[in-house]
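Dropping data.txt in here (compact mmCIF, C-alpha atoms):
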# COMPACT_ATOMS: atom_id res chain seq x y z
CA MET A 1 -6.61 -5.82 2.40
CA SER A 2 -8.05 -9.06 3.58
CA SER A 3 -11.57 -9.20 4.98
CA MET A 4 -11.92 -11.76 7.75
CA GLY A 5 -15.22 -13.19 8.94
CA ARG A 6 -15.80 -13.21 12.66
CA ASN A 7 -16.07 -16.98 12.76
CA ARG A 8 -13.67 -17.89 10.00
CA ASP A 9 -10.44 -16.61 8.50
CA LEU A 10 -10.74 -16.00 4.80
CA GLU A 11 -9.12 -13.35 2.69
CA ALA A 12 -11.99 -11.59 2.02
CA GLY A 13 14.70 10.82 3.81
CA GLY A 14 17.43 8.41 2.80
CA THR A 15 21.03 8.70 1.64
CA LYS A 16 21.73 10.65 -1.50
CA ASN A 17 24.32 9.80 -4.12
CA THR A 18 25.12 11.30 -7.46
CA SER A 19 24.32 8.32 -9.68
CA ARG A 20 21.42 8.74 -12.06
CA PRO A 21 18.25 6.80 -11.38
CA SER A 22 16.94 4.16 -13.68
CA ALA A 23 13.68 4.73 -15.53
CA TYR A 24 10.47 4.86 -13.54
CA SER A 25 8.28 1.84 -14.10
CA ALA A 26 5.28 0.04 -12.67
CA PRO A 27 5.50 -3.49 -11.23
CA PRO A 28 5.62 -5.75 -13.05
CA PRO A 29 7.90 -3.35 -14.95
CA PRO A 30 6.11 -2.21 -18.09
CA PRO A 31 8.48 -2.21 -21.06
CA ALA A 32 7.24 1.16 -22.29
CA ALA A 33 7.68 2.89 -18.97
CA SER A 34 11.18 1.54 -18.47
CA SER A 35 12.43 3.30 -21.58
CA SER A 36 10.14 6.31 -21.66
CA TYR A 37 11.55 8.55 -18.99
CA VAL A 38 13.73 11.30 -20.50
CA TYR A 39 14.33 13.57 -17.50
CA ASP A 40 17.00 12.61 -14.95
CA PRO A 41 17.02 14.41 -11.59
CA GLN A 42 20.42 14.92 -10.04
CA THR A 43 19.78 12.89 -6.93
CA HIS A 44 19.12 9.20 -6.44
CA TRP A 45 17.89 7.98 -3.10
CA THR A 46 18.97 4.78 -1.40
CA SER A 47 15.89 2.77 -0.46
CA TRP A 48 15.82 1.82 3.21
CA LEU A 49 12.31 2.66 4.43
CA VAL A 50 10.50 0.16 2.19
CA PRO A 51 12.79 -2.72 3.32
CA MET A 52 12.09 -1.65 6.91
CA PHE A 53 8.34 -1.79 6.20
CA VAL A 54 8.80 -5.34 4.87
CA VAL A 55 10.75 -6.39 7.97
CA ALA A 56 8.14 -4.77 10.24
CA ASN A 57 5.26 -6.62 8.53
CA ILE A 58 7.07 -9.95 8.80
CA ALA A 59 7.90 -9.30 12.46
CA VAL A 60 4.28 -8.46 13.28
CA PHE A 61 3.13 -11.67 11.58
CA ILE A 62 5.58 -13.73 13.65
CA VAL A 63 4.30 -12.07 16.83
CA ALA A 64 0.71 -12.78 15.74
CA MET A 65 1.50 -16.47 15.27
CA TYR A 66 3.24 -16.58 18.66
CA ILE A 67 0.18 -15.07 20.36
CA ASN A 68 -2.19 -17.28 18.36
CA ASP A 69 -0.62 -20.52 19.68
CA CYS A 70 -2.87 -22.87 17.72
CA PRO A 71 -2.04 -26.08 19.67
CA LYS A 72 -3.17 -24.41 22.89
CA HIS A 73 -6.24 -22.48 21.73
CA ASN A 74 -7.61 -24.57 18.85
CA LEU A 75 -10.70 -26.51 19.95
CA GLY A 76 -10.52 -28.86 16.98
CA LEU A 77 -13.93 -27.88 15.68
CA GLN A 78 -12.51 -26.93 12.27
CA GLY A 79 -9.81 -29.61 12.19
CA ASN A 80 -6.25 -29.91 13.42
CA CYS A 81 -3.56 -27.25 13.38
CA VAL A 82 -1.45 -27.12 10.21
CA ALA A 83 2.33 -27.72 10.44
CA ARG A 84 2.18 -28.80 14.09
CA PHE A 85 5.97 -29.30 14.06
CA LEU A 86 6.18 -25.49 14.33
CA GLY A 87 4.76 -25.70 17.83
CA ARG A 88 2.94 -22.57 18.93
CA PHE A 89 3.72 -21.05 15.52
CA SER A 90 1.61 -23.65 13.70
CA PHE A 91 -1.30 -22.40 11.59
CA GLN A 92 -5.02 -22.55 12.15
CA PRO A 93 -6.91 -25.42 10.42
CA LEU A 94 -7.33 -24.84 6.69
CA ARG A 95 -11.12 -24.85 6.98
CA GLU A 96 -10.81 -21.87 9.31
CA ASN A 97 -7.98 -20.05 7.58
CA PRO A 98 -6.85 -21.34 4.16
CA LEU A 99 -4.21 -18.60 3.96
CA LEU A 100 -2.02 -20.32 6.60
CA GLY A 101 -2.27 -17.85 9.43
CA PRO A 102 -3.80 -17.07 12.83
CA SER A 103 -7.44 -16.97 13.88
CA SER A 104 -9.71 -13.99 13.43
CA SER A 105 -9.85 -13.57 17.21
CA THR A 106 -6.07 -13.18 17.33
CA LEU A 107 -6.13 -10.63 14.53
CA ARG A 108 -8.84 -8.69 16.30
CA LYS A 109 -6.87 -8.79 19.56
CA MET A 110 -3.82 -7.38 17.78
CA GLY A 111 -5.64 -4.51 16.09
CA GLY A 112 -7.61 -5.86 13.15
CA LEU A 113 -10.13 -3.47 11.63
CA GLU A 114 -13.69 -4.03 12.88
CA TRP A 115 -16.53 -1.50 12.68
CA GLY A 116 -17.92 -2.01 16.17
CA ASP A 117 -14.53 -1.59 17.83
CA VAL A 118 -13.74 1.57 15.86
CA VAL A 119 -17.13 3.29 16.21
CA ASN A 120 -18.71 1.96 19.39
CA LYS A 121 -15.56 1.42 21.43
CA HIS A 122 -13.75 4.48 19.99
CA GLN A 123 -10.69 2.45 18.99
CA ALA A 124 -9.68 4.62 16.05
CA TRP A 125 -6.12 3.32 16.32
CA ARG A 126 -7.30 0.20 14.51
CA LEU A 127 -7.44 2.27 11.31
CA ILE A 128 -3.63 2.24 11.43
CA THR A 129 -2.75 -1.03 13.17
CA CYS A 130 -4.69 -3.15 10.68
CA ILE A 131 -2.26 -2.08 7.95
CA TRP A 132 0.52 -4.08 9.61
CA LEU A 133 -1.45 -7.31 10.12
CA HIS A 134 -1.92 -10.12 7.60
CA ALA A 135 -4.33 -13.02 7.46
CA GLY A 136 -1.69 -15.61 6.61
CA ILE A 137 1.60 -16.52 4.96
CA ILE A 138 0.06 -16.36 1.48
CA HIS A 139 -1.47 -12.95 2.16
CA LEU A 140 1.82 -11.67 3.63
CA LEU A 141 4.01 -12.90 0.77
CA ALA A 142 1.73 -11.47 -1.91
CA ASN A 143 1.69 -8.03 -0.29
CA MET A 144 5.40 -7.92 0.55
CA LEU A 145 6.46 -8.93 -2.96
CA SER A 146 4.23 -6.17 -4.33
CA LEU A 147 5.69 -3.68 -1.85
CA VAL A 148 9.24 -4.55 -2.89
CA PHE A 149 8.50 -4.22 -6.62
CA ILE A 150 6.52 -0.99 -6.24
CA GLY A 151 8.00 0.73 -3.22
CA ILE A 152 11.74 0.39 -3.70
CA ARG A 153 11.72 1.99 -7.14
CA LEU A 154 9.49 4.83 -5.95
CA GLU A 155 11.66 5.46 -2.90
CA GLN A 156 14.77 5.56 -5.09
CA GLN A 157 13.09 8.16 -7.29
CA PHE A 158 11.40 10.36 -4.68
CA GLY A 159 12.97 9.65 -1.29
CA PHE A 160 11.71 8.05 1.88
CA VAL A 161 9.72 11.02 3.23
CA ARG A 162 7.26 11.33 0.36
CA ILE A 163 6.88 7.59 -0.22
CA GLY A 164 6.48 6.95 3.49
CA ILE A 165 3.73 9.57 3.70
CA ILE A 166 1.92 8.12 0.69
CA TYR A 167 2.13 4.58 2.08
CA LEU A 168 0.84 5.43 5.55
CA VAL A 169 -1.83 7.96 4.58
CA SER A 170 -3.11 5.71 1.78
CA GLY A 171 -3.36 2.80 4.19
CA PHE A 172 -5.33 5.03 6.54
CA GLY A 173 -7.61 6.19 3.73
CA GLY A 174 -8.26 2.60 2.71
CA SER A 175 -9.13 1.67 6.28
CA VAL A 176 -11.60 4.55 6.59
CA LEU A 177 -13.49 3.65 3.42
CA SER A 178 -13.47 -0.03 4.35
CA THR A 179 -14.98 0.64 7.78
CA LEU A 180 -17.68 2.85 6.26
CA PHE A 181 -19.04 -0.09 4.29
CA ILE A 182 -17.97 -3.33 5.97
CA ARG A 183 -19.48 -3.97 9.40
CA ASN A 184 -19.55 -7.74 9.84
CA ASN A 185 -15.97 -8.73 9.01
CA ILE A 186 -12.49 -8.10 10.34
CA SER A 187 -10.14 -6.58 7.76
CA VAL A 188 -6.34 -6.68 7.82
CA GLY A 189 -3.53 -6.14 5.34
CA ALA A 190 -1.28 -3.60 3.64
CA SER A 191 -3.24 -3.71 0.38
CA GLY A 192 -4.74 -0.24 0.85
CA ALA A 193 -1.27 1.24 1.27
CA LEU A 194 0.01 -0.69 -1.75
CA PHE A 195 -2.86 0.53 -3.90
CA GLY A 196 -1.98 4.02 -2.70
CA LEU A 197 1.48 3.59 -4.22
CA LEU A 198 -0.13 2.42 -7.47
CA GLY A 199 -2.41 5.47 -7.44
CA ALA A 200 0.58 7.72 -6.83
CA MET A 201 2.39 6.15 -9.78
CA LEU A 202 -0.56 7.01 -12.01
CA SER A 203 -0.82 10.62 -10.86
CA GLU A 204 2.97 10.99 -11.09
CA LEU A 205 2.75 9.99 -14.74
CA VAL A 206 -0.06 12.49 -15.33
CA THR A 207 1.46 15.46 -13.50
CA ASN A 208 4.89 14.89 -15.10
CA TRP A 209 3.37 14.15 -18.51
CA THR A 210 5.58 16.51 -20.49
CA ILE A 211 8.85 14.81 -19.50
CA TYR A 212 7.78 11.37 -20.68
CA SER A 213 8.14 9.86 -24.12
CA ASN A 214 5.90 6.98 -25.23
CA LYS A 215 3.30 8.48 -22.92
CA ALA A 216 0.32 6.53 -24.20
CA MET A 217 1.96 3.12 -23.85
CA ALA A 218 3.24 3.88 -20.35
CA LEU A 219 -0.23 5.07 -19.30
CA ILE A 220 -2.04 2.09 -20.84
CA THR A 221 0.34 -0.38 -19.23
CA LEU A 222 -0.10 1.14 -15.79
CA LEU A 223 -3.90 1.34 -16.17
CA VAL A 224 -4.06 -2.34 -17.14
CA ILE A 225 -2.12 -3.29 -14.01
CA ILE A 226 -4.42 -1.18 -11.83
CA VAL A 227 -7.63 -2.49 -13.41
CA ILE A 228 -6.52 -6.12 -13.04
CA ASN A 229 -5.71 -5.63 -9.37
CA LEU A 230 -9.01 -3.85 -8.69
CA ALA A 231 -10.89 -6.56 -10.58
CA ILE A 232 -9.44 -9.19 -8.26
CA GLY A 233 -11.08 -7.26 -5.45
CA ILE A 234 -14.59 -8.17 -6.59
CA LEU A 235 -13.98 -11.75 -5.47
CA PRO A 236 -15.68 -12.71 -2.19
CA HIS A 237 -13.80 -12.20 1.10
CA VAL A 238 -11.49 -9.57 -0.45
CA ASP A 239 -11.91 -6.05 0.94
CA ASN A 240 -11.95 -4.01 -2.26
CA PHE A 241 -13.11 -0.90 -0.40
CA ALA A 242 -9.68 -0.75 1.25
CA HIS A 243 -8.10 -1.07 -2.20
CA ILE A 244 -10.27 1.70 -3.66
CA GLY A 245 -9.83 4.01 -0.67
CA GLY A 246 -6.07 3.53 -0.69
CA PHE A 247 -5.86 4.02 -4.45
CA LEU A 248 -7.85 7.28 -4.41
CA THR A 249 -5.83 8.62 -1.48
CA GLY A 250 -2.53 7.76 -3.15
CA PHE A 251 -3.72 9.17 -6.48
CA LEU A 252 -4.38 12.57 -4.89
CA LEU A 253 -1.16 12.46 -2.86
CA GLY A 254 0.81 11.81 -6.04
CA PHE A 255 -0.25 15.19 -7.44
CA ILE A 256 0.74 16.82 -4.15
CA LEU A 257 4.04 15.11 -3.41
CA LEU A 258 5.45 13.80 -6.69
CA PRO A 259 5.52 16.63 -9.25
CA ARG A 260 8.90 17.05 -10.93
CA PRO A 261 10.39 20.39 -12.01
CA GLN A 262 9.81 21.11 -15.68
CA PHE A 263 12.55 20.19 -18.10
CA GLY A 264 15.50 22.60 -18.05
CA TRP A 265 14.64 24.21 -14.72
CA LEU A 266 17.70 22.81 -12.91
CA GLU A 267 20.04 24.06 -15.64
CA GLN A 268 18.97 27.67 -15.01
CA ARG A 269 21.44 28.01 -12.16
CA HIS A 270 24.19 28.30 -14.79
CA LEU A 271 22.52 31.23 -16.56
CA PRO A 272 23.90 34.76 -16.05
CA ALA A 273 22.22 37.11 -13.58
CA GLY A 274 19.34 39.13 -14.96
CA VAL A 275 18.07 36.42 -17.29
CA ARG A 276 14.40 35.68 -16.78
CA LEU A 277 13.99 32.27 -15.21
CA LYS A 278 11.17 29.86 -15.89
CA SER A 279 8.91 28.65 -13.10
CA LYS A 280 9.90 25.44 -11.31
CA TYR A 281 6.56 23.81 -12.14
CA LYS A 282 4.16 24.23 -15.01
CA PRO A 283 0.82 26.00 -14.33
CA TYR A 284 -1.20 22.79 -14.66
CA GLN A 285 0.98 21.17 -11.97
CA TYR A 286 0.10 23.96 -9.55
CA VAL A 287 -3.60 23.59 -10.39
CA LEU A 288 -3.51 19.83 -9.84
CA TRP A 289 -1.63 20.34 -6.57
CA ILE A 290 -4.27 22.71 -5.18
CA LEU A 291 -7.27 20.68 -6.36
CA SER A 292 -5.83 17.43 -5.03
CA LEU A 293 -5.03 18.94 -1.63
CA LEU A 294 -8.57 20.32 -1.29
CA LEU A 295 -10.16 17.05 -2.42
CA LEU A 296 -7.99 14.97 -0.09
CA ILE A 297 -8.76 17.10 2.97
CA ALA A 298 -12.46 17.27 2.15
CA GLY A 299 -12.75 13.57 1.34
CA LEU A 300 -11.03 12.32 4.49
CA SER A 301 -12.88 14.83 6.68
CA VAL A 302 -16.32 13.87 5.36
CA ALA A 303 -15.53 10.14 5.54
CA LEU A 304 -14.31 10.40 9.14
CA VAL A 305 -17.36 12.40 10.22
CA MET A 306 -19.66 9.82 8.61
CA LEU A 307 -17.72 6.95 10.17
CA PHE A 308 -17.74 8.19 13.76
CA ARG A 309 -21.35 9.29 13.42
CA GLY A 310 -22.16 5.65 12.73
CA ASP A 311 -23.36 6.13 9.13
CA ASN A 312 -23.57 3.09 6.89
CA GLY A 313 -21.98 3.76 3.52
CA TYR A 314 -24.58 1.62 1.75
CA ASP A 315 -27.30 4.06 2.86
CA HIS A 316 -25.70 6.63 0.59
CA CYS A 317 -24.61 4.26 -2.18
CA HIS A 318 -26.93 1.29 -2.66
CA TRP A 319 -24.98 -0.18 -5.58
CA CYS A 320 -21.56 0.06 -3.95
CA HIS A 321 -21.67 -3.58 -2.81
CA TYR A 322 -20.79 -4.49 -6.40
CA LEU A 323 -17.45 -2.75 -5.91
CA THR A 324 -16.26 -5.39 -3.46
CA CYS A 325 -18.14 -8.53 -4.51
CA VAL A 326 -20.12 -9.49 -7.62
CA PRO A 327 -22.35 -12.55 -7.01
CA THR A 328 -22.12 -15.38 -9.53
CA SER A 329 -23.29 -18.98 -9.80
CA LYS A 330 -20.02 -19.98 -8.10
CA TRP A 331 -20.30 -17.82 -5.00
CA LYS A 332 -22.56 -15.53 -3.04
CA CYS A 333 -21.77 -12.20 -1.47
CA ASN A 334 -22.79 -12.47 2.14
CA ASP A 335 -21.83 -10.36 5.14
CA ILE A 336 -20.36 -7.51 3.12
Now, as a test, write the supplied structure out as C-alpha cells.
Amino acid sequence: MSSMGRNRDLEAGGTKNTSRPSAYSAPPPPPAASSSYVYDPQTHWTSWLVPMFVVANIAVFIVAMYINDCPKHNLGLQGNCVARFLGRFSFQPLRENPLLGPSSSTLRKMGGLEWGDVVNKHQAWRLITCIWLHAGIIHLLANMLSLVFIGIRLEQQFGFVRIGIIYLVSGFGGSVLSTLFIRNNISVGASGALFGLLGAMLSELVTNWTIYSNKAMALITLLVIIVINLAIGILPHVDNFAHIGGFLTGFLLGFILLPRPQFGWLEQRHLPAGVRLKSKYKPYQYVLWILSLLLLIAGLSVALVMLFRGDNGYDHCHWCHYLTCVPTSKWKCNDI
C-alpha cells in the first residue's frame, strides 16, 4: 500500500483436473517448502482469478493515466511531464511522483483512501476501491509480480473461491487499519491484499503442520520473507498499517479457509462399512478455526466502529507510529 501526500505523490472456483499439485511454497520459493509437502490432495485447480486480478489492476492504472492527462493538467510547478511522447498517458513530474504515475488528485478522484472522505463524507467504498489503484508504474509492477508469485500457487492449491475471499477481505482489513491511523495522506495499492496472502500462507503452514516435513525450515523461511517485507514498511511514505492490517486479516482467514483434511482421511472411502472413521480435521484445527473466526469478526467490528466514530488510532496506541515509520538521520516521519 502506497501512502500519497496530498500535495505530492510518493509511495509512502476454477477448473479441476486430476493432476497432482506441486509443493506449496512461499515467493520467492523457499527451497525447504518446495520439498517439504508430503500430502497430495486429489484435485488441482487451474489458476484464472489471480491473472484476472492482474489484468484488472493494469487496466485501472491505464484508466487512471488517461484521466490524469498530465500535459493538460500539469501546471509546471514541479517540472515537466515525464515521457511526453505518450501524450495524455505521460507521467507526472518526478519531483511530484517519482514512481512514474498520476497525481494524488487523480488517485483521490478515482477512489484513493483518504480519512476525511471515508469518515466525514461517508465514502466507505474507498476502503475497497483503493486496493485497485497504484501510485505509479514501479508500484504497480512490484505488486503485480508479487501477486503472480504468491497468488497463482495458492489458487492452484486451494481454488479461486478461498483465495479470492482472502485477497479481497485482507485488502479491506488493511484499508480499515490504515484509515484508523493515517489522516493526512492518500493511500492506494494492493499491498494489504498481498500481505493477506502471505499471512494466509503462514497460518496454512501452522494449521496443516502435521502433514509437512522439514517443518522448521519451511516456517523459518516464510517468517524471514514476512519480516523483510514488513521491515520495508517502516520507510517513510510507505503505508505499513495497510500491510499489517492485511497480514493479520489473512492470517486469521488462513485458519478458517485453508485447513487440509488430516492424512489418510480421503482413503477412508475405501474402507468397509462399519469401520470407525477418523474425523476430517484434527481437534486443534477446529479450535483454531473457531478462535480465528471470533477474532476476525470482533477485530473488524471494533475497528469499523472506531473508524466511523472518528477515533484516532494514535489516541489508543501512542507508540504505533513506529510501526509505519522510524525516524533516522536520513529522513523524518511527518504527516503520518
*All residues 8 Å or closer to Leu107 of chain A, all atoms listed in the file, same chain fewer than 5 positions away omitted, as a list in words*: Ala64, Pro102, Gly112, Leu133, Ala135 and Val188 of chain A
Selected residues written out with C-alpha atoms, as a PDB file, in the frame of the given file:
ATOM      1  CA  ALA A  64       0.710 -12.780  15.740  1.00  0.00           C
ATOM      2  CA  PRO A 102      -3.800 -17.070  12.830  1.00  0.00           C
ATOM      3  CA  GLY A 112      -7.610  -5.860  13.150  1.00  0.00           C
ATOM      4  CA  LEU A 133      -1.450  -7.310  10.120  1.00  0.00           C
ATOM      5  CA  ALA A 135      -4.330 -13.020   7.460  1.00  0.00           C
ATOM      6  CA  VAL A 188      -6.340  -6.680   7.820  1.00  0.00           C
TER       7      VAL A 188
END
*Nearest to Gln157 of chain A, chosen from A:Gly246, A:Pro51, A:Gly111, A:Pro259, with only C-alpha atoms counted in the distances*: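 Smallest distance to Gln157 of chain A is found for A:Pro259.
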*From A:Val50, A:Leu113, A:Leu248, A:Ile166, residue lying nearest Met144 of chain A [only C-alpha atoms]*: A:Val50
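Interatomic distance, atom CA of Asn74 of chain A against atom CA of Gln92 of chain A: 7.5 Å.
Minimum atom-to-atom distance to Met52 of chain A, evaluated using only C-alpha atoms, belongs to A:Phe160 out of A:Phe149, A:Phe241, A:Tyr284, A:Phe160.
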*Residue among A:Thr129, A:Met65, A:Thr46, A:Ile244 lying closest to Ile232 of chain A, counting all atoms listed in the file*: A:Ile244
*What gap, in Å, lies between atom CA of Ser47 of chain A and atom CA of Gln156 of chain A?*
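Going from atom CA of Ser47 of chain A over to atom CA of Gln156 of chain A covers 5.5 Å.
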*Near-Asn80 of chain A list (10 Å; only C-alpha atoms; drop same-chain fewer than 4 positions) as a PyMOL selection string*: chain A and resi 70-71+74-76+84+91-95
_Using all atoms listed in the file, can you tell me which of A:Leu86, A:Ala303, A:Leu257, A:Ile182 comes closest to Val161 of chain A?_
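Of A:Leu86, A:Ala303, A:Leu257, A:Ile182, the one nearest Val161 of chain A, counting all atoms listed in the file, is A:Leu257.
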